[in-house]
Amino acid sequence: MQAALLRSGRGDEAAFAEFYDSAAGFVYGIVLKVIKDPAMSEEVSQEVFLDLWKLAPRFEPSKGSVKGWVSTIAHRKAVDRVRSEQSRRNRDEQDLRDRPRDYDVVVETVTQRMEYGDVAVALETLTDTQREAVTLAYYGGHTYREVAAMLAVPEGTIKTRIRDGLIKLRDQFGVTA
Amino acid sequence: MTADLHHLAAAYALNALSTRERRAFEAHYPDCGICGREVAEFRETAAALAEGVVVEPPEAMRARVLAQVSQTRQLHRPVTDIGATRRRGGQWKRGLVGLAAGLLLVVGGVAVASRSGADQTEFAALVEAPDAIVTALDPTNAGSTDPSSTDPSSTDPGQATVQVIWSAELGTLAVLASGLDELGQDETYALWLLSEAGPVPAGLFIPSETGEVHELQVLGSGEPTGWGITIEPVGGSDAPTTEVLYAGSV
């Protein structure tokens, strides 16, 4: 993925096609996870790839991995789309009442999907409340404030759960920077 | 506020901060050794979480992406980059100052030296296009009207010069600027086409080390009544997420 991206950064479209083939599932997967609607996810993923093409000359391997860079851009774009759609809609009582259901769905599908693999194993090492906070924030695309409101838990507590959860995951994944 | 910022790296890496907090944190962490390292580590951690939900997209997406790519200009490398510096050359950078100071100099034939020949030709074509409209953008002082702003990186925006040259016929625009504030590592300036339908993204750009911008953008369609500039997260946004810093009417 990295070699193809670096060549893409010099305007090589064939290299970008190669990069696309190695990154498409990674980008679309996280966008779909956050947005849920397949059509909108495809639209946003396309925008993400266009951004990646434009930004490719500025990718610096010394500052982090390709996957870290790509997932940051893809996830943020997905989250921003969800939030701008939300603010367009009326945030009325109904919307608030819908949220707890939304939350159940997120946690369920995450657990289902990840019955295998390193990610599932790593998530298992978290406490239930840490796992809940991390997955609602990352896979659900919610701000920590929203997570706090959804769970009726103080914001500071959610911040701590997210932080402690990520530290544990970081160590599980053996991430070093 | 600042003491609090140190604890936001994890939520930031998961994009779980509000826009305001995100901005505040982005102004803070590049200069904070601890937060900077944490952001890097937590980003890699988040990438591993993304790894757990890989789903292949519909086949048709590939052709659409690649078709768009072939019509889309890449951003330039920052001038600090050795390769880019060599490519552009000092002469070009000196030329920029003149370009930003006034379009007449450009029309008058100031050497638009080096860089790629294609760029140079396109730029000249834009400047000489009969329908080219030059708009000077003025600071809105958005930054200074916000008393709660603790962003240490925001300085007086009044010193910058920003111009947009646009030709509907060529479907191209250029942003010329000097004296723009430096951005955080995860930020980009965004140009917005202002119209009755609201702001439409019109390209992203990052100033050189000396605050200069010389960027050509392809503009598919749109009938601008004005232009605006905001700071957005890298990759841009669908709609402005921060206050407009510079604006001008066409």
# chains A, B, ... in the order shown; residues from 1 in each chain; ligands from 1
>>> interface_residues(of="chain B", to="chain A", cutoff="7 Å", atoms="only C-alpha atoms", output="count of residues only")
33
>>> closest_residue(among="A:Glu124, A:Pro61, A:Val34, A:Gln130", to="A:Met1", atoms="only C-alpha atoms")
A:Pro61
>>> closest_residue(among="B:Glu59, B:Glu187, B:Glu169, B:Glu182", to="B:Arg23", atoms="only C-alpha atoms")
B:Glu187
>>> select_by_dssp(residues="chain A", states="alpha helix (DSSP H)", output="PyMOL selection string")
chain A and resi 2-8+13-35+38-55+66-88+93-113+117-124+128-138+144-151+155-173
>>> atom_distance(atom1="atom CA of B:Phe205", atom2="atom CA of B:Leu5")
27.2 Å
>>> residues_around(residues="B:Gln217", least_positions_apart="2", cutoff="7 Å", atoms="only C-alpha atoms", output="ChimeraX atom specification")
/B:172-174,203,215,219
